[in-house]
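Listing of input-v8.csv; format and content: CSV, C-alpha atoms.
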chain,number,residue,atom,x,y,z
A,1,MET,CA,-8.1,19.7,4.4
A,2,SER,CA,-5.4,17.1,3.6
A,3,MET,CA,-5.9,13.3,3.4
A,4,LEU,CA,-3.6,10.4,4.2
A,5,ILE,CA,-3.4,8.1,1.2
A,6,PRO,CA,-1.7,4.7,1.4
A,7,GLY,CA,1.3,4.4,-0.8
A,8,GLN,CA,1.9,8.2,-0.8
A,9,ASN,CA,2.0,8.8,3.0
A,10,GLN,CA,3.6,6.9,5.9
A,11,LEU,CA,1.6,6.2,9.1
A,12,ALA,CA,3.3,5.4,12.4
A,13,GLU,CA,2.3,2.1,14.0
A,14,PRO,CA,-0.1,2.6,16.9
A,15,ALA,CA,1.4,2.4,20.4
A,16,ILE,CA,-0.9,-0.6,21.2
A,17,ILE,CA,1.3,-2.9,19.2
A,18,ALA,CA,4.6,-2.1,21.0
A,19,VAL,CA,6.7,-5.0,22.2
A,20,ASP,CA,8.2,-4.8,25.7
A,21,GLU,CA,12.0,-4.6,25.6
A,22,PHE,CA,13.9,-7.7,26.8
A,23,GLU,CA,16.0,-6.4,29.7
A,24,PRO,CA,13.1,-4.5,31.5
A,25,LEU,CA,10.8,-7.4,30.9
A,26,LEU,CA,13.4,-9.8,32.4
A,27,ALA,CA,14.0,-7.6,35.4
A,28,GLU,CA,10.2,-7.3,35.9
A,29,PHE,CA,9.8,-11.1,36.0
A,30,LYS,CA,12.8,-11.6,38.3
A,31,GLY,CA,11.3,-9.1,40.7
A,32,PHE,CA,7.9,-10.8,40.5
A,33,VAL,CA,9.4,-14.3,41.2
A,34,ILE,CA,11.4,-13.0,44.1
A,35,ASP,CA,8.4,-11.1,45.7
A,36,TYR,CA,6.2,-14.2,45.1
A,37,VAL,CA,8.7,-16.5,46.9
A,38,ALA,CA,9.2,-13.9,49.7
A,39,THR,CA,5.5,-14.0,50.6
A,40,ARG,CA,5.6,-17.8,51.0
A,41,ALA,CA,9.1,-18.7,51.9
A,42,PRO,CA,11.0,-15.6,53.1
A,43,GLN,CA,14.1,-17.6,54.0
A,44,ASN,CA,14.6,-18.6,50.4
A,45,ALA,CA,14.0,-15.3,48.8
A,46,ALA,CA,17.6,-14.0,49.4
A,47,LYS,CA,19.0,-17.2,48.0
A,48,LEU,CA,16.8,-17.0,44.9
A,49,LYS,CA,17.9,-13.4,44.3
A,50,VAL,CA,21.5,-14.5,44.2
A,51,SER,CA,20.7,-17.3,41.8
A,52,LEU,CA,18.8,-15.0,39.5
A,53,ASP,CA,21.6,-12.5,39.4
A,54,ASN,CA,23.8,-15.3,38.0
A,55,GLU,CA,23.1,-15.5,34.3
A,56,SER,CA,24.5,-19.1,34.1
A,57,GLU,CA,21.9,-20.5,36.5
A,58,LEU,CA,19.3,-22.7,34.9
A,59,LEU,CA,16.5,-20.8,36.6
A,60,THR,CA,17.8,-17.5,35.1
A,61,LEU,CA,18.1,-19.1,31.7
A,62,ALA,CA,14.5,-20.4,32.0
A,63,LEU,CA,13.2,-16.9,32.8
A,64,GLU,CA,15.1,-15.5,29.8
A,65,ALA,CA,13.6,-18.2,27.6
A,66,PHE,CA,10.2,-17.3,29.0
A,67,CYS,CA,10.7,-13.6,28.2
A,68,VAL,CA,11.8,-14.4,24.6
A,69,ARG,CA,8.7,-16.6,24.2
A,70,LEU,CA,6.5,-13.8,25.6
A,71,GLN,CA,8.0,-11.3,23.1
A,72,THR,CA,7.3,-13.7,20.3
A,73,HIS,CA,3.7,-14.1,21.4
A,74,GLU,CA,3.3,-10.3,21.6
A,75,ARG,CA,4.6,-9.9,18.0
A,76,LYS,CA,2.1,-12.5,16.7
A,77,TYR,CA,-0.7,-10.9,18.6
A,78,ASN,CA,0.3,-7.5,17.4
A,79,ALA,CA,0.4,-8.8,13.8
A,80,ARG,CA,-3.2,-9.9,14.2
A,81,ILE,CA,-4.2,-6.5,15.6
A,82,LYS,CA,-2.6,-4.8,12.5
A,83,GLN,CA,-4.7,-7.0,10.2
A,84,MET,CA,-7.8,-5.4,11.8
A,85,LEU,CA,-6.7,-2.0,10.6
A,86,ALA,CA,-7.3,-1.1,7.0
A,87,TRP,CA,-3.9,0.7,6.6
A,88,TRP,CA,-2.0,-2.6,7.2
A,89,ALA,CA,-4.6,-5.3,6.4
A,90,THR,CA,-3.8,-7.8,3.6
A,91,GLY,CA,-5.5,-10.6,1.8
A,92,SER,CA,-8.9,-11.8,3.1
A,93,ASN,CA,-8.5,-9.5,6.1
A,94,LEU,CA,-8.5,-6.5,3.8
A,95,ASP,CA,-11.4,-8.0,1.9
A,96,ALA,CA,-13.4,-7.9,5.1
A,97,ARG,CA,-12.6,-4.2,5.5
A,98,LEU,CA,-13.6,-3.5,1.9
A,99,ALA,CA,-16.9,-5.1,2.7
A,100,ASP,CA,-17.5,-2.5,5.4
A,101,MET,CA,-17.7,0.1,2.6
A,102,GLY,CA,-19.7,-2.2,0.3
A,103,LEU,CA,-16.7,-2.8,-1.9
A,104,GLU,CA,-15.0,-5.8,-3.3
A,105,ARG,CA,-11.8,-6.4,-5.3
A,106,GLN,CA,-11.7,-5.5,-8.9
A,107,VAL,CA,-11.1,-8.6,-11.2
A,108,LEU,CA,-8.3,-7.7,-13.6
A,109,ASP,CA,-8.4,-11.0,-15.5
A,110,PRO,CA,-11.2,-13.5,-15.1
A,111,GLY,CA,-8.8,-16.4,-15.7
A,112,ASP,CA,-10.0,-19.7,-17.2
A,113,PRO,CA,-11.7,-22.2,-14.8
A,114,ALA,CA,-12.2,-24.6,-17.7
A,115,ALA,CA,-8.5,-24.9,-18.5
A,116,PHE,CA,-6.3,-27.7,-17.2
A,117,PRO,CA,-5.0,-26.9,-14.7
A,118,PRO,CA,-7.5,-24.1,-14.1
A,119,VAL,CA,-6.2,-20.6,-14.4
A,120,PRO,CA,-7.3,-18.6,-11.3
A,121,PRO,CA,-8.6,-15.0,-11.7
A,122,THR,CA,-6.2,-12.1,-11.3
A,123,LEU,CA,-7.5,-9.6,-8.7
A,124,GLU,CA,-6.3,-6.1,-7.9
A,125,SER,CA,-3.4,-5.8,-5.4
A,126,ASP,CA,-3.8,-5.0,-1.8
A,127,ASP,CA,-2.4,-1.5,-2.3
A,128,ASP,CA,-5.0,-0.7,-5.0
A,129,ALA,CA,-7.9,-2.1,-3.0
A,130,ARG,CA,-6.8,-0.2,0.1
A,131,LEU,CA,-6.7,3.0,-1.8
A,132,ARG,CA,-10.2,2.6,-3.0
A,133,TYR,CA,-11.2,1.8,0.6
A,134,TYR,CA,-10.0,5.2,1.7
A,135,LEU,CA,-11.5,7.0,-1.2
A,136,ALA,CA,-15.0,5.5,-0.7
A,137,PRO,CA,-16.1,7.9,2.1
A,138,HIS,CA,-15.7,10.8,-0.4
A,139,ALA,CA,-18.5,9.5,-2.6
A,140,PRO,CA,-21.1,12.0,-1.4
A,141,ALA,CA,-18.7,15.0,-2.0
A,142,ALA,CA,-19.8,15.7,-5.5
A,143,GLY,CA,-17.3,17.8,-7.5
A,144,SER,CA,-14.4,17.4,-5.0
A,145,ARG,CA,-11.0,16.1,-6.1
A,146,MET,CA,-11.5,12.9,-4.1
A,147,GLN,CA,-14.9,12.3,-5.6
A,148,TYR,CA,-13.5,12.6,-9.2
A,149,ARG,CA,-10.7,10.2,-8.3
A,150,ARG,CA,-13.2,7.8,-6.8
A,151,GLU,CA,-15.3,7.9,-9.9
A,152,VAL,CA,-12.3,7.1,-12.1
A,153,PHE,CA,-11.4,4.1,-9.9
A,154,THR,CA,-14.9,2.7,-9.7
A,155,LEU,CA,-16.0,2.9,-13.4
A,156,GLY,CA,-18.7,0.4,-14.0
A,157,GLU,CA,-19.3,-0.4,-10.4
A,158,ARG,CA,-21.8,2.3,-9.8
A,159,PRO,CA,-25.2,1.7,-11.4
A,160,ALA,CA,-27.2,4.3,-13.3
A,161,VAL,CA,-30.1,5.4,-11.0
A,162,LYS,CA,-33.5,6.2,-12.4
A,163,VAL,CA,-36.2,7.4,-10.0
A,164,GLN,CA,-39.8,7.9,-11.1
A,165,SER,CA,-43.2,8.1,-9.6
A,166,ALA,CA,-45.9,7.1,-12.2
A,167,THR,CA,-48.5,6.3,-9.5
A,168,PRO,CA,-49.4,8.6,-6.5
A,169,GLY,CA,-47.6,7.3,-3.4
A,170,VAL,CA,-45.4,4.9,-5.3
A,171,VAL,CA,-41.7,5.7,-6.0
A,172,THR,CA,-39.8,3.3,-8.3
A,173,VAL,CA,-36.0,3.2,-8.2
A,174,THR,CA,-34.2,1.4,-11.0
A,175,TYR,CA,-30.5,0.4,-10.9
A,176,THR,CA,-28.9,-0.3,-14.3
A,177,PHE,CA,-25.3,-1.5,-14.2
A,178,ASP,CA,-22.7,-0.9,-16.9
A,179,PRO,CA,-21.5,-4.4,-18.1
A,180,ASP,CA,-18.3,-3.1,-19.8
A,181,GLY,CA,-16.1,-3.2,-16.7
A,182,TYR,CA,-13.6,-0.5,-17.6
A,183,ALA,CA,-12.6,0.1,-13.9
A,184,ALA,CA,-10.3,-3.0,-13.9
A,185,ARG,CA,-8.2,-1.3,-16.6
A,186,VAL,CA,-7.6,1.9,-14.6
A,187,LYS,CA,-4.4,2.1,-12.5
A,188,ASP,CA,-4.8,5.8,-11.5
A,189,GLY,CA,-6.9,8.8,-12.2
A,190,ASN,CA,-7.9,12.2,-11.0
A,191,GLY,CA,-9.9,15.3,-11.8
A,192,ARG,CA,-8.4,18.8,-11.9
A,193,ARG,CA,-10.0,22.2,-12.5
A,194,THR,CA,-8.4,23.8,-15.6
A,195,ALA,CA,-10.7,26.8,-15.9
A,196,PRO,CA,-13.8,28.1,-14.1
A,197,GLY,CA,-16.5,25.4,-14.6
A,198,GLU,CA,-14.1,23.1,-16.5
A,199,VAL,CA,-12.5,19.9,-15.1
A,200,MET,CA,-9.9,17.7,-16.8
A,201,VAL,CA,-10.1,14.0,-15.9
A,202,THR,CA,-6.8,12.2,-16.4
A,203,VAL,CA,-6.5,8.4,-16.7
A,204,LEU,CA,-3.5,6.1,-16.2
A,205,SER,CA,-4.0,2.6,-17.6
A,206,ARG,CA,-2.6,-0.6,-16.2
A,207,GLU,CA,-1.5,-1.7,-19.7
A,208,GLY,CA,2.0,-1.2,-20.9
A,209,ASP,CA,3.5,2.1,-19.9
A,210,GLY,CA,0.2,3.4,-18.7
A,211,THR,CA,-1.0,5.0,-22.0
A,212,ALA,CA,-4.8,4.8,-22.0
A,213,SER,CA,-6.3,3.3,-25.1
A,214,ALA,CA,-9.0,5.1,-27.1
A,215,ASP,CA,-11.5,2.5,-26.0
A,216,LEU,CA,-10.8,3.0,-22.3
A,217,LEU,CA,-11.0,6.8,-22.7
A,218,ASP,CA,-14.3,6.5,-24.5
A,219,GLY,CA,-15.6,4.4,-21.6
A,220,VAL,CA,-14.5,7.0,-19.1
A,221,ARG,CA,-16.2,9.8,-21.1
A,222,ARG,CA,-19.4,7.9,-21.2
A,223,HIS,CA,-19.2,7.4,-17.4
A,224,PHE,CA,-18.7,11.1,-16.7
A,225,ALA,CA,-21.4,12.0,-19.2
A,226,ARG,CA,-24.0,10.4,-16.9
A,227,PRO,CA,-26.2,12.9,-15.1
A,228,ASP,CA,-25.8,11.0,-11.8
A,229,VAL,CA,-22.0,11.3,-12.0
A,230,ARG,CA,-21.0,14.6,-13.4
A,231,PRO,CA,-21.8,17.7,-11.3
A,232,GLU,CA,-24.2,20.0,-13.2
A,233,THR,CA,-21.7,22.9,-12.9
A,234,ASP,CA,-18.8,21.1,-14.4
A,235,LEU,CA,-17.8,20.7,-18.1
A,236,VAL,CA,-15.7,17.4,-17.9
A,237,SER,CA,-13.0,16.5,-20.4
A,238,VAL,CA,-11.1,13.2,-20.4
A,239,GLN,CA,-7.5,12.6,-21.4
A,240,GLY,CA,-4.8,9.9,-21.1
A,241,ALA,CA,-1.9,10.5,-18.8
A,242,GLN,CA,1.3,12.0,-20.3
A,243,ILE,CA,3.9,9.3,-19.8
A,244,GLN,CA,7.4,10.4,-18.7
A,245,PRO,CA,9.8,7.5,-19.7
A,246,TYR,CA,13.1,7.1,-17.8
A,247,LYS,CA,15.7,4.5,-17.0
A,248,ILE,CA,17.4,3.6,-13.8
A,249,ARG,CA,21.1,2.9,-14.3
A,250,VAL,CA,23.5,2.4,-11.4
A,251,VAL,CA,26.9,1.1,-10.6
A,252,ALA,CA,27.1,-0.7,-7.3
A,253,LYS,CA,30.4,-1.4,-5.6
A,254,ILE,CA,30.7,-4.1,-3.0
A,255,ASN,CA,33.4,-5.6,-0.9
A,256,ALA,CA,35.2,-8.6,-2.2
A,257,GLY,CA,33.3,-11.9,-1.8
A,258,PRO,CA,31.1,-14.4,-3.7
A,259,ASP,CA,27.8,-12.4,-3.3
A,260,SER,CA,28.0,-10.0,-6.3
A,261,GLY,CA,25.3,-11.9,-8.2
A,262,LEU,CA,23.0,-12.0,-5.2
A,263,THR,CA,23.5,-8.2,-4.7
A,264,GLN,CA,22.7,-7.5,-8.3
A,265,VAL,CA,19.5,-9.5,-8.2
A,266,ALA,CA,18.4,-8.0,-4.9
A,267,ALA,CA,19.2,-4.5,-6.2
A,268,GLN,CA,17.2,-4.9,-9.4
A,269,GLN,CA,14.2,-6.3,-7.5
A,270,LEU,CA,14.2,-3.4,-5.1
A,271,LEU,CA,14.6,-0.8,-7.8
A,272,GLN,CA,11.8,-2.3,-9.9
A,273,THR,CA,9.5,-2.3,-6.9
A,274,TYR,CA,10.3,1.3,-6.3
A,275,ALA,CA,9.8,2.2,-9.9
A,276,ASP,CA,6.4,0.4,-9.9
A,277,SER,CA,5.3,2.4,-6.8
A,278,CYS,CA,6.2,5.7,-8.6
A,279,HIS,CA,4.1,4.8,-11.7
A,280,ARG,CA,1.1,7.0,-10.8
A,281,LEU,CA,-0.1,10.4,-11.5
A,282,GLU,CA,2.0,13.1,-9.7
A,283,GLY,CA,4.6,10.4,-9.1
A,284,ARG,CA,8.1,11.4,-8.1
A,285,VAL,CA,11.3,9.4,-8.7
A,286,ASP,CA,14.0,10.6,-6.4
A,287,PRO,CA,17.7,9.5,-6.6
A,288,SER,CA,17.9,9.5,-2.8
A,289,TRP,CA,15.5,6.5,-2.8
A,290,ILE,CA,17.5,4.7,-5.4
A,291,ASP,CA,20.6,5.3,-3.2
A,292,TYR,CA,18.7,3.8,-0.2
A,293,ALA,CA,17.5,0.8,-2.2
A,294,ILE,CA,21.0,-0.1,-3.5
A,295,HIS,CA,22.7,0.2,-0.1
A,296,SER,CA,19.9,-1.9,1.4
A,297,ALA,CA,20.9,-4.6,-1.2
A,298,GLY,CA,24.4,-4.7,0.2
A,299,ALA,CA,26.4,-2.1,-1.8
A,300,ALA,CA,29.3,-0.3,0.0
A,301,GLN,CA,29.5,2.5,-2.6
A,302,LEU,CA,27.1,3.7,-5.3
A,303,GLN,CA,27.2,5.7,-8.6
A,304,ILE,CA,23.9,6.7,-10.1
A,305,LEU,CA,24.0,7.1,-13.8
A,306,GLU,CA,20.3,7.7,-14.4
A,307,PRO,CA,18.3,9.6,-13.3
A,308,LEU,CA,20.7,12.3,-11.9
A,309,GLU,CA,17.9,14.6,-10.9
A,310,PRO,CA,14.4,13.9,-9.4
A,311,ILE,CA,11.6,13.3,-11.9
A,312,ILE,CA,8.6,15.2,-10.8
A,313,SER,CA,5.2,14.7,-12.5
A,314,THR,CA,2.2,16.9,-12.5
A,315,ALA,CA,-1.4,15.9,-12.0
A,316,PHE,CA,-1.6,15.1,-15.7
A,317,GLN,CA,1.7,13.1,-15.9
A,318,ALA,CA,3.1,9.7,-14.7
A,319,PRO,CA,6.7,8.5,-14.7
A,320,TYR,CA,7.4,5.1,-16.3
A,321,CYS,CA,10.6,3.1,-15.9
A,322,THR,CA,11.6,1.5,-19.2
A,323,GLY,CA,14.4,-0.5,-17.7
A,324,VAL,CA,16.6,-1.2,-14.6
A,325,GLU,CA,20.3,-1.8,-15.1
A,326,VAL,CA,22.6,-2.6,-12.2
A,327,GLU,CA,26.3,-3.1,-12.7
A,328,VAL,CA,28.1,-4.7,-9.8
A,329,ARG,CA,31.8,-4.1,-9.3
A,330,THR,CA,34.1,-5.3,-6.5
A,331,LEU,CA,36.2,-2.8,-4.5
What is this structure when it is put down as structure tokens?
Amino acid sequence: MSMLIPGQNQLAEPAIIAVDEFEPLLAEFKGFVIDYVATRAPQNAAKLKVSLDNESELLTLALEAFCVRLQTHERKYNARIKQMLAWWATGSNLDARLADMGLERQVLDPGDPAAFPPVPPTLESDDDARLRYYLAPHAPAAGSRMQYRREVFTLGERPAVKVQSATPGVVTVTYTFDPDGYAARVKDGNGRRTAPGEVMVTVLSREGDGTASADLLDGVRRHFARPDVRPETDLVSVQGAQIQPYKIRVVAKINAGPDSGLTQVAAQQLLQTYADSCHRLEGRVDPSWIDYAIHSAGAAQLQILEPLEPIISTAFQAPYCTGVEVEVRTL
């Protein structure tokens, strides 16, 4: 059974948010107006049709403006619909969807409310929060790949559970939370079977190039050593992700004009965003995406210097971009 994961899969927008095309919409309203007038003043309907067929008539222009305004309204309404769907929800709308699963955003940095001006806390991104939302339903599936991944993402959020019955008819359940909060330092993680009964948990850190510190790995080991987390049949080991460093170097050629600086800035931003999205376990860096990003920034021609071949990572590896270099030349 496969699973759609935000950031790794694309999902087509639902048909409910489609916007009517302008020309059919205008024709529909013209027909409606003519039919409406024909039922009340038949003698004017033919004259009205002639007027509406003339694009320079004020009434025709008014109907065109109405159709444009209706399309704008539909786009705004559709945008609100998308914010109700977890796949596209952002900001506080996504927070509301997280609450459906009993989740809340991880705090990456508590900030400093006593500073002047106050430093607000840094919370995890929409993409990271959305991923945890889709992993949450797999919590009961002990031993599954998704369960292992969920456990890596939620370190410290799940309490240790102790159930005892010291008195007949009385069951006491105690929840003890881990105060260390390692989960905020985890960018990605997974669990893979390496041998019968053996599972390797790999952790990618948010710090630097993603290399997990000894302290973070120790925290993950303690988490998976708990009897309410590790399946009884699994021997769990923990390791940091193997980092695959690489550079992105390209030469972009543009048509003559004053926008070479703008193209360079736009290209570097697009490439850095792409590199950040690839910084995950089993990430893949593909020159075809680099080609797409540079042409989107306005390049007419492109020469990729690095990487020349796709960088493909295993479940234990993550690619990390050490730098983005864009040279702009004029044709």
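A distance cut-off of 12 Å around (17.7, 13.6, -10.9), counting only C-alpha atoms, selects these protein and nucleic acid residues: Tyr246, Lys247, Ile248, Arg249, Arg284, Val285, Asp286, Pro287, Ser288, Trp289, Ile290, Asp291, Ile304, Leu305, Glu306, Pro307, Leu308, Glu309, Pro310, Ile311 and Ile312 of chain A.
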Excluding same-chain residues fewer than 2 positions from stretch 130-134 of chain A, what lies within 8 Å of it counting only C-alpha atoms, as a ChimeraX atom specification?
-> /A:5-6,86-87,94,97-98,101,103,126-128,136-137,150,153
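Taking atom CA of A:Lys82 and atom CA of A:Ile17 as endpoints, the distance between them is 8.0 Å.
As for atom CA of A:Val33 and atom CA of A:Asn78, they are spaced 26.4 Å apart.
The gap separating atom CA of A:Thr273 from atom CA of A:Asn9 is 16.7 Å, in Å to one decimal.
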Extract, using only C-alpha atoms, all DNA, RNA and protein residues at most 12 Å from A:Leu25, discarding same-chain residues fewer than 3 positions from it, and format them as a compact mmCIF listing (two decimals) with C-alpha atoms, keeping the file's coordinate frame.
# COMPACT_ATOMS: atom_id res chain seq x y z
CA VAL A 19 6.70 -5.00 22.20
CA ASP A 20 8.20 -4.80 25.70
CA GLU A 21 12.00 -4.60 25.60
CA PHE A 22 13.90 -7.70 26.80
CA GLU A 28 10.20 -7.30 35.90
CA PHE A 29 9.80 -11.10 36.00
CA LYS A 30 12.80 -11.60 38.30
CA GLY A 31 11.30 -9.10 40.70
CA PHE A 32 7.90 -10.80 40.50
CA LEU A 63 13.20 -16.90 32.80
CA GLU A 64 15.10 -15.50 29.80
CA ALA A 65 13.60 -18.20 27.60
CA PHE A 66 10.20 -17.30 29.00
CA CYS A 67 10.70 -13.60 28.20
CA VAL A 68 11.80 -14.40 24.60
CA ARG A 69 8.70 -16.60 24.20
CA LEU A 70 6.50 -13.80 25.60
CA GLN A 71 8.00 -11.30 23.10
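In this comparison, which uses only C-alpha atoms, the residue of A:Ala300, A:Leu204, A:Leu11, A:Leu52 approaching A:Gly283 most closely is A:Leu204.
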